[in-house]
Every structure is written in C-alpha cells, then in structure tokens.
file upload_21.pdb (PDB, N, CA, C and O atoms)
ATOM      1  N   MET A1253       4.183  12.294 -33.200
ATOM      2  CA  MET A1253       5.501  12.321 -32.606
ATOM      3  C   MET A1253       6.221  11.016 -32.960
ATOM      4  O   MET A1253       6.387  10.131 -32.146
ATOM      5  N   ALA A1254       6.615  10.921 -34.168
ATOM      6  CA  ALA A1254       7.257   9.702 -34.644
ATOM      7  C   ALA A1254       8.644   9.534 -34.047
ATOM      8  O   ALA A1254       9.348  10.490 -33.786
ATOM      9  N   GLY A1255       9.020   8.291 -33.851
ATOM     10  CA  GLY A1255      10.366   7.989 -33.406
ATOM     11  C   GLY A1255      10.560   7.960 -31.897
ATOM     12  O   GLY A1255      11.573   7.502 -31.413
ATOM     13  N   LEU A1256       9.620   8.458 -31.144
ATOM     14  CA  LEU A1256       9.782   8.518 -29.695
ATOM     15  C   LEU A1256       9.833   7.125 -29.091
ATOM     16  O   LEU A1256      10.628   6.859 -28.208
ATOM     17  N   HIS A1257       9.007   6.243 -29.563
ATOM     18  CA  HIS A1257       8.927   4.919 -28.972
ATOM     19  C   HIS A1257      10.242   4.162 -29.088
ATOM     20  O   HIS A1257      10.542   3.315 -28.261
ATOM     21  N   SER A1258      11.057   4.471 -30.088
ATOM     22  CA  SER A1258      12.338   3.789 -30.216
ATOM     23  C   SER A1258      13.324   4.232 -29.147
ATOM     24  O   SER A1258      14.262   3.520 -28.834
ATOM     25  N   VAL A1259      13.118   5.428 -28.559
ATOM     26  CA  VAL A1259      14.006   5.903 -27.508
ATOM     27  C   VAL A1259      13.790   5.092 -26.237
ATOM     28  O   VAL A1259      14.725   4.770 -25.513
ATOM     29  N   PHE A1260      12.546   4.748 -25.953
ATOM     30  CA  PHE A1260      12.221   3.940 -24.782
ATOM     31  C   PHE A1260      12.190   2.475 -25.229
ATOM     32  O   PHE A1260      11.140   1.888 -25.401
ATOM     33  N   ASP A1261      13.356   1.880 -25.406
ATOM     34  CA  ASP A1261      13.402   0.520 -25.922
ATOM     35  C   ASP A1261      13.248  -0.522 -24.820
ATOM     36  O   ASP A1261      13.230  -0.217 -23.632
ATOM     37  N   ALA A1262      13.137  -1.767 -25.228
ATOM     38  CA  ALA A1262      12.912  -2.863 -24.285
ATOM     39  C   ALA A1262      14.084  -3.031 -23.328
ATOM     40  O   ALA A1262      13.890  -3.357 -22.155
ATOM     41  N   ASP A1263      15.301  -2.806 -23.806
ATOM     42  CA  ASP A1263      16.469  -2.970 -22.932
ATOM     43  C   ASP A1263      16.467  -1.934 -21.816
ATOM     44  O   ASP A1263      16.763  -2.255 -20.663
ATOM     45  N   GLY A1264      16.147  -0.693 -22.147
ATOM     46  CA  GLY A1264      16.088   0.360 -21.142
ATOM     47  C   GLY A1264      15.010   0.081 -20.113
ATOM     48  O   GLY A1264      15.209   0.255 -18.908
ATOM     49  N   PHE A1265      13.860  -0.378 -20.591
ATOM     50  CA  PHE A1265      12.757  -0.710 -19.688
ATOM     51  C   PHE A1265      13.141  -1.881 -18.790
ATOM     52  O   PHE A1265      12.892  -1.853 -17.578
ATOM     53  N   ALA A1266      13.760  -2.893 -19.360
ATOM     54  CA  ALA A1266      14.156  -4.067 -18.581
ATOM     55  C   ALA A1266      15.163  -3.678 -17.494
ATOM     56  O   ALA A1266      15.096  -4.184 -16.370
ATOM     57  N   LYS A1267      16.075  -2.778 -17.835
ATOM     58  CA  LYS A1267      17.071  -2.335 -16.852
ATOM     59  C   LYS A1267      16.393  -1.581 -15.704
ATOM     60  O   LYS A1267      16.683  -1.837 -14.531
ATOM     61  N   LEU A1268      15.492  -0.639 -16.026
ATOM     62  CA  LEU A1268      14.773   0.102 -14.992
ATOM     63  C   LEU A1268      13.957  -0.839 -14.109
ATOM     64  O   LEU A1268      13.961  -0.721 -12.885
ATOM     65  N   ARG A1269      13.283  -1.772 -14.730
ATOM     66  CA  ARG A1269      12.446  -2.712 -13.969
ATOM     67  C   ARG A1269      13.313  -3.592 -13.072
ATOM     68  O   ARG A1269      12.982  -3.827 -11.912
ATOM     69  N   GLY A1270      14.425  -4.064 -13.607
ATOM     70  CA  GLY A1270      15.326  -4.904 -12.817
ATOM     71  C   GLY A1270      15.879  -4.175 -11.610
ATOM     72  O   GLY A1270      15.950  -4.733 -10.505
ATOM     73  N   GLU A1271      16.264  -2.911 -11.798
ATOM     74  CA  GLU A1271      16.792  -2.124 -10.686
ATOM     75  C   GLU A1271      15.725  -1.891  -9.622
ATOM     76  O   GLU A1271      16.007  -1.944  -8.432
ATOM     77  N   SER A1272      14.501  -1.630 -10.050
ATOM     78  CA  SER A1272      13.442  -1.388  -9.065
ATOM     79  C   SER A1272      13.117  -2.661  -8.288
ATOM     80  O   SER A1272      12.844  -2.610  -7.095
ATOM     81  N   LEU A1273      13.168  -3.807  -8.949
ATOM     82  CA  LEU A1273      12.877  -5.065  -8.266
ATOM     83  C   LEU A1273      14.005  -5.462  -7.323
ATOM     84  O   LEU A1273      13.761  -6.018  -6.253
ATOM     85  N   SER A1274      15.244  -5.162  -7.694
ATOM     86  CA  SER A1274      16.383  -5.566  -6.868
ATOM     87  C   SER A1274      16.464  -4.773  -5.568
ATOM     88  O   SER A1274      17.067  -5.227  -4.603
ATOM     89  N   THR A1275      15.876  -3.592  -5.526
ATOM     90  CA  THR A1275      15.922  -2.773  -4.313
ATOM     91  C   THR A1275      14.748  -3.039  -3.385
ATOM     92  O   THR A1275      14.704  -2.499  -2.286
ATOM     93  N   GLY A1276      13.805  -3.837  -3.814
ATOM     94  CA  GLY A1276      12.638  -4.122  -2.981
ATOM     95  C   GLY A1276      11.598  -3.017  -3.018
ATOM     96  O   GLY A1276      10.702  -2.971  -2.184
ATOM     97  N   SER A1277      11.703  -2.116  -3.972
ATOM     98  CA  SER A1277      10.740  -1.023  -4.069
ATOM     99  C   SER A1277       9.625  -1.402  -5.039
ATOM    100  O   SER A1277       9.562  -2.517  -5.528
ATOM    101  N   PHE A1278       8.760  -0.441  -5.316
ATOM    102  CA  PHE A1278       7.696  -0.682  -6.282
ATOM    103  C   PHE A1278       8.306  -0.976  -7.645
ATOM    104  O   PHE A1278       9.230  -0.290  -8.065
ATOM    105  N   PRO A1279       7.807  -1.972  -8.354
ATOM    106  CA  PRO A1279       8.365  -2.261  -9.680
ATOM    107  C   PRO A1279       7.946  -1.211 -10.711
ATOM    108  O   PRO A1279       6.844  -0.673 -10.641
ATOM    109  N   VAL A1280       8.837  -0.918 -11.631
ATOM    110  CA  VAL A1280       8.514  -0.036 -12.749
ATOM    111  C   VAL A1280       7.642  -0.843 -13.704
ATOM    112  O   VAL A1280       7.958  -1.985 -14.027
ATOM    113  N   THR A1281       6.551  -0.247 -14.152
ATOM    114  CA  THR A1281       5.614  -0.970 -15.014
ATOM    115  C   THR A1281       5.522  -0.302 -16.385
ATOM    116  O   THR A1281       6.061   0.780 -16.604
ATOM    117  N   VAL A1282       4.805  -0.943 -17.272
ATOM    118  CA  VAL A1282       4.565  -0.379 -18.600
ATOM    119  C   VAL A1282       3.815   0.946 -18.471
ATOM    120  O   VAL A1282       4.025   1.875 -19.240
ATOM    121  N   ARG A1283       2.971   1.054 -17.461
ATOM    122  CA  ARG A1283       2.238   2.301 -17.226
ATOM    123  C   ARG A1283       3.211   3.460 -16.983
ATOM    124  O   ARG A1283       2.998   4.567 -17.454
ATOM    125  N   HIS A1284       4.302   3.205 -16.232
ATOM    126  CA  HIS A1284       5.309   4.239 -16.014
ATOM    127  C   HIS A1284       5.956   4.643 -17.348
ATOM    128  O   HIS A1284       6.181   5.820 -17.612
ATOM    129  N   LEU A1285       6.258   3.649 -18.156
ATOM    130  CA  LEU A1285       6.858   3.903 -19.467
ATOM    131  C   LEU A1285       5.926   4.742 -20.334
ATOM    132  O   LEU A1285       6.359   5.720 -20.961
ATOM    133  N   GLU A1286       4.654   4.402 -20.350
ATOM    134  CA  GLU A1286       3.684   5.168 -21.131
ATOM    135  C   GLU A1286       3.576   6.602 -20.625
ATOM    136  O   GLU A1286       3.444   7.537 -21.416
ATOM    137  N   SER A1287       3.660   6.786 -19.318
ATOM    138  CA  SER A1287       3.615   8.133 -18.743
ATOM    139  C   SER A1287       4.820   8.956 -19.190
ATOM    140  O   SER A1287       4.695  10.141 -19.502
ATOM    141  N   MET A1288       5.992   8.324 -19.225
ATOM    142  CA  MET A1288       7.195   9.034 -19.678
ATOM    143  C   MET A1288       7.062   9.450 -21.148
ATOM    144  O   MET A1288       7.477  10.551 -21.520
ATOM    145  N   ILE A1289       6.473   8.596 -21.934
ATOM    146  CA  ILE A1289       6.267   8.923 -23.353
ATOM    147  C   ILE A1289       5.336  10.134 -23.478
ATOM    148  O   ILE A1289       5.620  11.079 -24.212
ATOM    149  N   ARG A1290       4.235  10.118 -22.721
ATOM    150  CA  ARG A1290       3.297  11.245 -22.769
ATOM    151  C   ARG A1290       3.949  12.540 -22.278
ATOM    152  O   ARG A1290       3.729  13.612 -22.839
ATOM    153  N   MET A1291       4.763  12.451 -21.224
ATOM    154  CA  MET A1291       5.440  13.660 -20.723
ATOM    155  C   MET A1291       6.432  14.205 -21.735
ATOM    156  O   MET A1291       6.530  15.423 -21.918
ATOM    157  N   ALA A1292       7.169  13.339 -22.395
ATOM    158  CA  ALA A1292       8.123  13.789 -23.410
ATOM    159  C   ALA A1292       7.383  14.453 -24.568
ATOM    160  O   ALA A1292       7.809  15.502 -25.076
ATOM    161  N   GLU A1293       6.271  13.875 -24.986
ATOM    162  CA  GLU A1293       5.468  14.472 -26.050
ATOM    163  C   GLU A1293       4.910  15.820 -25.615
ATOM    164  O   GLU A1293       4.905  16.776 -26.401
ATOM    165  N   ALA A1294       4.446  15.920 -24.372
ATOM    166  CA  ALA A1294       3.901  17.183 -23.863
ATOM    167  C   ALA A1294       4.982  18.261 -23.806
ATOM    168  O   ALA A1294       4.730  19.428 -24.131
ATOM    169  N   SER A1295       6.186  17.883 -23.410
ATOM    170  CA  SER A1295       7.293  18.839 -23.366
ATOM    171  C   SER A1295       7.580  19.393 -24.762
ATOM    172  O   SER A1295       7.772  20.600 -24.938
ATOM    173  N   ALA A1296       7.586  18.525 -25.753
ATOM    174  CA  ALA A1296       7.815  18.967 -27.135
ATOM    175  C   ALA A1296       6.691  19.899 -27.588
ATOM    176  O   ALA A1296       6.944  20.935 -28.215
ATOM    177  N   GLU A1297       5.463  19.562 -27.254
ATOM    178  CA  GLU A1297       4.327  20.391 -27.654
ATOM    179  C   GLU A1297       4.373  21.756 -26.975
ATOM    180  O   GLU A1297       4.015  22.766 -27.583
ATOM    181  N   MET A1298       4.821  21.803 -25.717
ATOM    182  CA  MET A1298       4.919  23.088 -25.018
ATOM    183  C   MET A1298       5.940  24.004 -25.689
ATOM    184  O   MET A1298       5.823  25.223 -25.618
ATOM    185  N   HIS A1299       6.928  23.397 -26.355
ATOM    186  CA  HIS A1299       7.928  24.180 -27.074
ATOM    187  C   HIS A1299       7.558  24.343 -28.553
ATOM    188  O   HIS A1299       8.383  24.757 -29.361
ATOM    189  N   LEU A1300       6.319  23.991 -28.870
ATOM    190  CA  LEU A1300       5.758  24.142 -30.222
ATOM    191  C   LEU A1300       6.552  23.374 -31.279
ATOM    192  O   LEU A1300       6.704  23.815 -32.409
ATOM    193  N   ARG A1301       7.043  22.199 -30.881
ATOM    194  CA  ARG A1301       7.754  21.336 -31.830
ATOM    195  C   ARG A1301       6.850  20.176 -32.216
ATOM    196  O   ARG A1301       6.025  19.727 -31.423
ATOM    197  N   GLU A1302       7.026  19.694 -33.410
ATOM    198  CA  GLU A1302       6.253  18.554 -33.876
ATOM    199  C   GLU A1302       6.997  17.247 -33.663
ATOM    200  O   GLU A1302       6.542  16.191 -34.072
ATOM    201  N   TYR A1303       8.139  17.319 -33.028
ATOM    202  CA  TYR A1303       8.945  16.131 -32.787
ATOM    203  C   TYR A1303       9.518  16.204 -31.374
ATOM    204  O   TYR A1303       9.610  17.257 -30.768
ATOM    205  N   VAL A1304       9.859  15.065 -30.855
ATOM    206  CA  VAL A1304      10.419  14.965 -29.503
ATOM    207  C   VAL A1304      11.933  14.904 -29.615
ATOM    208  O   VAL A1304      12.476  14.113 -30.385
ATOM    209  N   ARG A1305      12.589  15.753 -28.834
ATOM    210  CA  ARG A1305      14.054  15.746 -28.805
ATOM    211  C   ARG A1305      14.539  14.981 -27.583
ATOM    212  O   ARG A1305      13.772  14.664 -26.687
ATOM    213  N   ARG A1306      15.825  14.726 -27.578
ATOM    214  CA  ARG A1306      16.435  13.989 -26.479
ATOM    215  C   ARG A1306      16.214  14.710 -25.135
ATOM    216  O   ARG A1306      15.989  14.054 -24.119
ATOM    217  N   ASP A1307      16.260  16.044 -25.143
ATOM    218  CA  ASP A1307      16.068  16.768 -23.884
ATOM    219  C   ASP A1307      14.641  16.609 -23.353
ATOM    220  O   ASP A1307      14.424  16.642 -22.133
ATOM    221  N   ASP A1308      13.655  16.416 -24.236
ATOM    222  CA  ASP A1308      12.283  16.138 -23.792
ATOM    223  C   ASP A1308      12.223  14.782 -23.086
ATOM    224  O   ASP A1308      11.582  14.633 -22.047
ATOM    225  N   VAL A1309      12.907  13.817 -23.663
ATOM    226  CA  VAL A1309      12.954  12.474 -23.088
ATOM    227  C   VAL A1309      13.680  12.509 -21.743
ATOM    228  O   VAL A1309      13.225  11.923 -20.761
ATOM    229  N   ASP A1310      14.810  13.220 -21.695
ATOM    230  CA  ASP A1310      15.570  13.327 -20.445
ATOM    231  C   ASP A1310      14.728  13.959 -19.339
ATOM    232  O   ASP A1310      14.777  13.522 -18.187
ATOM    233  N   LEU A1311      13.960  14.981 -19.679
ATOM    234  CA  LEU A1311      13.088  15.624 -18.705
ATOM    235  C   LEU A1311      12.037  14.640 -18.183
ATOM    236  O   LEU A1311      11.800  14.546 -16.975
ATOM    237  N   ALA A1312      11.415  13.905 -19.083
ATOM    238  CA  ALA A1312      10.385  12.942 -18.687
ATOM    239  C   ALA A1312      10.971  11.868 -17.774
ATOM    240  O   ALA A1312      10.359  11.502 -16.754
ATOM    241  N   ILE A1313      12.153  11.385 -18.097
ATOM    242  CA  ILE A1313      12.803  10.368 -17.271
ATOM    243  C   ILE A1313      13.148  10.943 -15.907
ATOM    244  O   ILE A1313      12.915  10.317 -14.871
ATOM    245  N   SER A1314      13.677  12.153 -15.892
ATOM    246  CA  SER A1314      14.060  12.798 -14.637
ATOM    247  C   SER A1314      12.858  12.987 -13.715
ATOM    248  O   SER A1314      12.922  12.702 -12.508
ATOM    249  N   VAL A1315      11.759  13.467 -14.269
ATOM    250  CA  VAL A1315      10.540  13.684 -13.471
ATOM    251  C   VAL A1315      10.017  12.357 -12.930
ATOM    252  O   VAL A1315       9.655  12.246 -11.750
ATOM    253  N   THR A1316       9.993  11.341 -13.766
ATOM    254  CA  THR A1316       9.475  10.040 -13.351
ATOM    255  C   THR A1316      10.342   9.418 -12.265
ATOM    256  O   THR A1316       9.828   8.933 -11.258
ATOM    257  N   ILE A1317      11.650   9.434 -12.454
ATOM    258  CA  ILE A1317      12.544   8.839 -11.468
ATOM    259  C   ILE A1317      12.498   9.632 -10.167
ATOM    260  O   ILE A1317      12.465   9.054  -9.077
ATOM    261  N   GLY A1318      12.468  10.958 -10.252
ATOM    262  CA  GLY A1318      12.366  11.775  -9.044
ATOM    263  C   GLY A1318      11.106  11.472  -8.265
ATOM    264  O   GLY A1318      11.131  11.340  -7.031
ATOM    265  N   SER A1319      10.004  11.340  -8.967
ATOM    266  CA  SER A1319       8.731  11.013  -8.321
ATOM    267  C   SER A1319       8.775   9.618  -7.713
ATOM    268  O   SER A1319       8.309   9.393  -6.594
ATOM    269  N   PHE A1320       9.344   8.693  -8.448
ATOM    270  CA  PHE A1320       9.444   7.310  -8.002
ATOM    271  C   PHE A1320      10.291   7.207  -6.728
ATOM    272  O   PHE A1320       9.902   6.556  -5.759
ATOM    273  N   VAL A1321      11.421   7.882  -6.703
ATOM    274  CA  VAL A1321      12.310   7.859  -5.543
ATOM    275  C   VAL A1321      11.625   8.491  -4.339
ATOM    276  O   VAL A1321      11.691   7.971  -3.219
ATOM    277  N   ASN A1322      10.957   9.598  -4.537
ATOM    278  CA  ASN A1322      10.291  10.285  -3.429
ATOM    279  C   ASN A1322       9.121   9.498  -2.849
ATOM    280  O   ASN A1322       8.702   9.761  -1.721
ATOM    281  N   ALA A1323       8.598   8.550  -3.594
ATOM    282  CA  ALA A1323       7.462   7.759  -3.124
ATOM    283  C   ALA A1323       7.885   6.535  -2.321
ATOM    284  O   ALA A1323       7.036   5.832  -1.776
ATOM    285  N   GLN A1324       9.181   6.278  -2.222
ATOM    286  CA  GLN A1324       9.681   5.080  -1.546
ATOM    287  C   GLN A1324       9.806   5.284  -0.039
ATOM    288  O   GLN A1324       9.840   6.400   0.450
ATOM    289  N   LYS A1325       9.930   4.184   0.665
ATOM    290  CA  LYS A1325      10.227   4.236   2.085
ATOM    291  C   LYS A1325      11.591   4.883   2.254
ATOM    292  O   LYS A1325      12.435   4.822   1.363
ATOM    293  N   LEU A1326      11.843   5.475   3.398
ATOM    294  CA  LEU A1326      13.073   6.219   3.631
ATOM    295  C   LEU A1326      14.322   5.384   3.383
ATOM    296  O   LEU A1326      15.266   5.837   2.735
ATOM    297  N   SER A1327      14.359   4.146   3.850
ATOM    298  CA  SER A1327      15.557   3.317   3.676
ATOM    299  C   SER A1327      15.805   3.007   2.205
ATOM    300  O   SER A1327      16.943   3.034   1.731
ATOM    301  N   ILE A1328      14.754   2.715   1.470
ATOM    302  CA  ILE A1328      14.888   2.428   0.040
ATOM    303  C   ILE A1328      15.225   3.695  -0.716
ATOM    304  O   ILE A1328      16.036   3.701  -1.630
ATOM    305  N   LYS A1329      14.621   4.809  -0.305
ATOM    306  CA  LYS A1329      14.876   6.098  -0.952
ATOM    307  C   LYS A1329      16.357   6.442  -0.872
ATOM    308  O   LYS A1329      16.960   6.857  -1.860
ATOM    309  N   LYS A1330      16.983   6.266   0.276
ATOM    310  CA  LYS A1330      18.410   6.565   0.423
ATOM    311  C   LYS A1330      19.247   5.685  -0.485
ATOM    312  O   LYS A1330      20.219   6.143  -1.073
ATOM    313  N   SER A1331      18.870   4.433  -0.623
ATOM    314  CA  SER A1331      19.586   3.520  -1.498
ATOM    315  C   SER A1331      19.465   3.943  -2.959
ATOM    316  O   SER A1331      20.428   3.909  -3.709
ATOM    317  N   LEU A1332      18.267   4.362  -3.376
ATOM    318  CA  LEU A1332      18.037   4.753  -4.761
ATOM    319  C   LEU A1332      18.696   6.086  -5.114
ATOM    320  O   LEU A1332      19.058   6.319  -6.262
ATOM    321  N   GLU A1333      18.850   6.978  -4.128
ATOM    322  CA  GLU A1333      19.415   8.292  -4.406
ATOM    323  C   GLU A1333      20.900   8.224  -4.714
ATOM    324  O   GLU A1333      21.461   9.156  -5.269
ATOM    325  N   ARG A1334      21.552   7.131  -4.365
ATOM    326  CA  ARG A1334      22.994   7.011  -4.642
ATOM    327  C   ARG A1334      23.264   6.851  -6.066
ATOM    328  O   ARG A1334      23.004   6.956  -7.013
TER     329      ARG A1334
END

call {"tool": "encode", "arguments": {"input": "upload_21.pdb", "output": "structure tokens"}}
result
Amino acid sequence: MAGLHSVFDADGFAKLRGESLSTGSFPVTVRHLESMIRMAEASAEMHLREYVRRDDVDLAISVTIGSFVNAQKLSIKKSLER
C-alpha cells in the first residue's frame, strides 16, 4: 500500500496531538497513527484494491476520532464534539 504514509504527515499528527493535549484528554500517540494506517489499509483490502484511497483514510480517521471522543470524560467529550 504505497503512498499511504504520506497522507498521515507530521503536521497532521502534530495538530491532532496538540488538540488532544490542549483539552486535557488522553494524548494522541504514534500508536493511534499506526492504527489509522492499518484501518485504512484494511478498508482498501476489503474493497479488493491494492491501493488506499482518500475515502479509506477518511474512514480510518473518523473511526479513530469517534472512538477517542467516546472514551473521554463527559465534560471533555462535550468539548471535543463541538
């Protein structure tokens, strides 16, 4: 799955990590980033593609952020949902 790693660049990761730290919630880690990469690759494979498309990446990000928000304390969760 060539080219996927360029979609999850350092600037995007830094922004996600900064936002998670500024809200007082769990910080986004490299492990989260690696999970998103694996989910995007799995989505492409489920559609029998040999490459990852933008919609695969969007799905992986959506699932990760949804899970992350749902795991927060109620007060932080409300802040993140905005």

call {"tool": "closest_residue", "arguments": {"input": "upload_21.pdb", "among": "A:Thr1281, A:Ser1287, A:Ser1319, A:His1299", "to": "Phe1265 in chain A", "atoms": "only N, CA, C and O atoms"}}
result
A:Thr1281

call {"tool": "atom_distance", "arguments": {"input": "upload_21.pdb", "atom1": "CA of Tyr1303 in chain A", "atom2": "CA of Pro1279 in chain A"}}
result
29.5 Å

call {"tool": "resolve_selection", "arguments": {"input": "upload_21.pdb", "expression": "the PyMOL selection byres (((chain A and resi 1291 and name CA) around 10) and name CA)", "output": "PDB file with N, CA, C and O atoms, in the frame of the given file"}}
result
ATOM      1  N   LEU A1285       6.258   3.649 -18.156  1.00  0.00           N
ATOM      2  CA  LEU A1285       6.858   3.903 -19.467  1.00  0.00           C
ATOM      3  C   LEU A1285       5.926   4.742 -20.334  1.00  0.00           C
ATOM      4  O   LEU A1285       6.359   5.720 -20.961  1.00  0.00           O
ATOM      5  N   GLU A1286       4.654   4.402 -20.350  1.00  0.00           N
ATOM      6  CA  GLU A1286       3.684   5.168 -21.131  1.00  0.00           C
ATOM      7  C   GLU A1286       3.576   6.602 -20.625  1.00  0.00           C
ATOM      8  O   GLU A1286       3.444   7.537 -21.416  1.00  0.00           O
ATOM      9  N   SER A1287       3.660   6.786 -19.318  1.00  0.00           N
ATOM     10  CA  SER A1287       3.615   8.133 -18.743  1.00  0.00           C
ATOM     11  C   SER A1287       4.820   8.956 -19.190  1.00  0.00           C
ATOM     12  O   SER A1287       4.695  10.141 -19.502  1.00  0.00           O
ATOM     13  N   MET A1288       5.992   8.324 -19.225  1.00  0.00           N
ATOM     14  CA  MET A1288       7.195   9.034 -19.678  1.00  0.00           C
ATOM     15  C   MET A1288       7.062   9.450 -21.148  1.00  0.00           C
ATOM     16  O   MET A1288       7.477  10.551 -21.520  1.00  0.00           O
ATOM     17  N   ILE A1289       6.473   8.596 -21.934  1.00  0.00           N
ATOM     18  CA  ILE A1289       6.267   8.923 -23.353  1.00  0.00           C
ATOM     19  C   ILE A1289       5.336  10.134 -23.478  1.00  0.00           C
ATOM     20  O   ILE A1289       5.620  11.079 -24.212  1.00  0.00           O
ATOM     21  N   ARG A1290       4.235  10.118 -22.721  1.00  0.00           N
ATOM     22  CA  ARG A1290       3.297  11.245 -22.769  1.00  0.00           C
ATOM     23  C   ARG A1290       3.949  12.540 -22.278  1.00  0.00           C
ATOM     24  O   ARG A1290       3.729  13.612 -22.839  1.00  0.00           O
ATOM     25  N   ALA A1292       7.169  13.339 -22.395  1.00  0.00           N
ATOM     26  CA  ALA A1292       8.123  13.789 -23.410  1.00  0.00           C
ATOM     27  C   ALA A1292       7.383  14.453 -24.568  1.00  0.00           C
ATOM     28  O   ALA A1292       7.809  15.502 -25.076  1.00  0.00           O
ATOM     29  N   GLU A1293       6.271  13.875 -24.986  1.00  0.00           N
ATOM     30  CA  GLU A1293       5.468  14.472 -26.050  1.00  0.00           C
ATOM     31  C   GLU A1293       4.910  15.820 -25.615  1.00  0.00           C
ATOM     32  O   GLU A1293       4.905  16.776 -26.401  1.00  0.00           O
ATOM     33  N   ALA A1294       4.446  15.920 -24.372  1.00  0.00           N
ATOM     34  CA  ALA A1294       3.901  17.183 -23.863  1.00  0.00           C
ATOM     35  C   ALA A1294       4.982  18.261 -23.806  1.00  0.00           C
ATOM     36  O   ALA A1294       4.730  19.428 -24.131  1.00  0.00           O
ATOM     37  N   SER A1295       6.186  17.883 -23.410  1.00  0.00           N
ATOM     38  CA  SER A1295       7.293  18.839 -23.366  1.00  0.00           C
ATOM     39  C   SER A1295       7.580  19.393 -24.762  1.00  0.00           C
ATOM     40  O   SER A1295       7.772  20.600 -24.938  1.00  0.00           O
ATOM     41  N   ALA A1296       7.586  18.525 -25.753  1.00  0.00           N
ATOM     42  CA  ALA A1296       7.815  18.967 -27.135  1.00  0.00           C
ATOM     43  C   ALA A1296       6.691  19.899 -27.588  1.00  0.00           C
ATOM     44  O   ALA A1296       6.944  20.935 -28.215  1.00  0.00           O
ATOM     45  N   GLU A1297       5.463  19.562 -27.254  1.00  0.00           N
ATOM     46  CA  GLU A1297       4.327  20.391 -27.654  1.00  0.00           C
ATOM     47  C   GLU A1297       4.373  21.756 -26.975  1.00  0.00           C
ATOM     48  O   GLU A1297       4.015  22.766 -27.583  1.00  0.00           O
ATOM     49  N   ASP A1308      13.655  16.416 -24.236  1.00  0.00           N
ATOM     50  CA  ASP A1308      12.283  16.138 -23.792  1.00  0.00           C
ATOM     51  C   ASP A1308      12.223  14.782 -23.086  1.00  0.00           C
ATOM     52  O   ASP A1308      11.582  14.633 -22.047  1.00  0.00           O
ATOM     53  N   VAL A1309      12.907  13.817 -23.663  1.00  0.00           N
ATOM     54  CA  VAL A1309      12.954  12.474 -23.088  1.00  0.00           C
ATOM     55  C   VAL A1309      13.680  12.509 -21.743  1.00  0.00           C
ATOM     56  O   VAL A1309      13.225  11.923 -20.761  1.00  0.00           O
ATOM     57  N   LEU A1311      13.960  14.981 -19.679  1.00  0.00           N
ATOM     58  CA  LEU A1311      13.088  15.624 -18.705  1.00  0.00           C
ATOM     59  C   LEU A1311      12.037  14.640 -18.183  1.00  0.00           C
ATOM     60  O   LEU A1311      11.800  14.546 -16.975  1.00  0.00           O
ATOM     61  N   ALA A1312      11.415  13.905 -19.083  1.00  0.00           N
ATOM     62  CA  ALA A1312      10.385  12.942 -18.687  1.00  0.00           C
ATOM     63  C   ALA A1312      10.971  11.868 -17.774  1.00  0.00           C
ATOM     64  O   ALA A1312      10.359  11.502 -16.754  1.00  0.00           O
ATOM     65  N   ILE A1313      12.153  11.385 -18.097  1.00  0.00           N
ATOM     66  CA  ILE A1313      12.803  10.368 -17.271  1.00  0.00           C
ATOM     67  C   ILE A1313      13.148  10.943 -15.907  1.00  0.00           C
ATOM     68  O   ILE A1313      12.915  10.317 -14.871  1.00  0.00           O
ATOM     69  N   VAL A1315      11.759  13.467 -14.269  1.00  0.00           N
ATOM     70  CA  VAL A1315      10.540  13.684 -13.471  1.00  0.00           C
ATOM     71  C   VAL A1315      10.017  12.357 -12.930  1.00  0.00           C
ATOM     72  O   VAL A1315       9.655  12.246 -11.750  1.00  0.00           O
ATOM     73  N   THR A1316       9.993  11.341 -13.766  1.00  0.00           N
ATOM     74  CA  THR A1316       9.475  10.040 -13.351  1.00  0.00           C
ATOM     75  C   THR A1316      10.342   9.418 -12.265  1.00  0.00           C
ATOM     76  O   THR A1316       9.828   8.933 -11.258  1.00  0.00           O
TER      77      THR A1316
END

call {"tool": "atom_distance", "arguments": {"input": "upload_21.pdb", "atom1": "CA of Val1304 in chain A", "atom2": "atom O of Arg1269 in chain A"}}
result
25.9 Å

call {"tool": "atom_distance", "arguments": {"input": "upload_21.pdb", "atom1": "atom C of Ala1262 in chain A", "atom2": "CA of Asp1310 in chain A"}}
result
16.7 Å

call {"tool": "closest_residue", "arguments": {"input": "upload_21.pdb", "among": "A:Phe1278, A:Glu1271, A:Asp1261, A:Asp1307", "to": "Gln1324 in chain A", "atoms": "only C-alpha atoms"}}
result
A:Phe1278
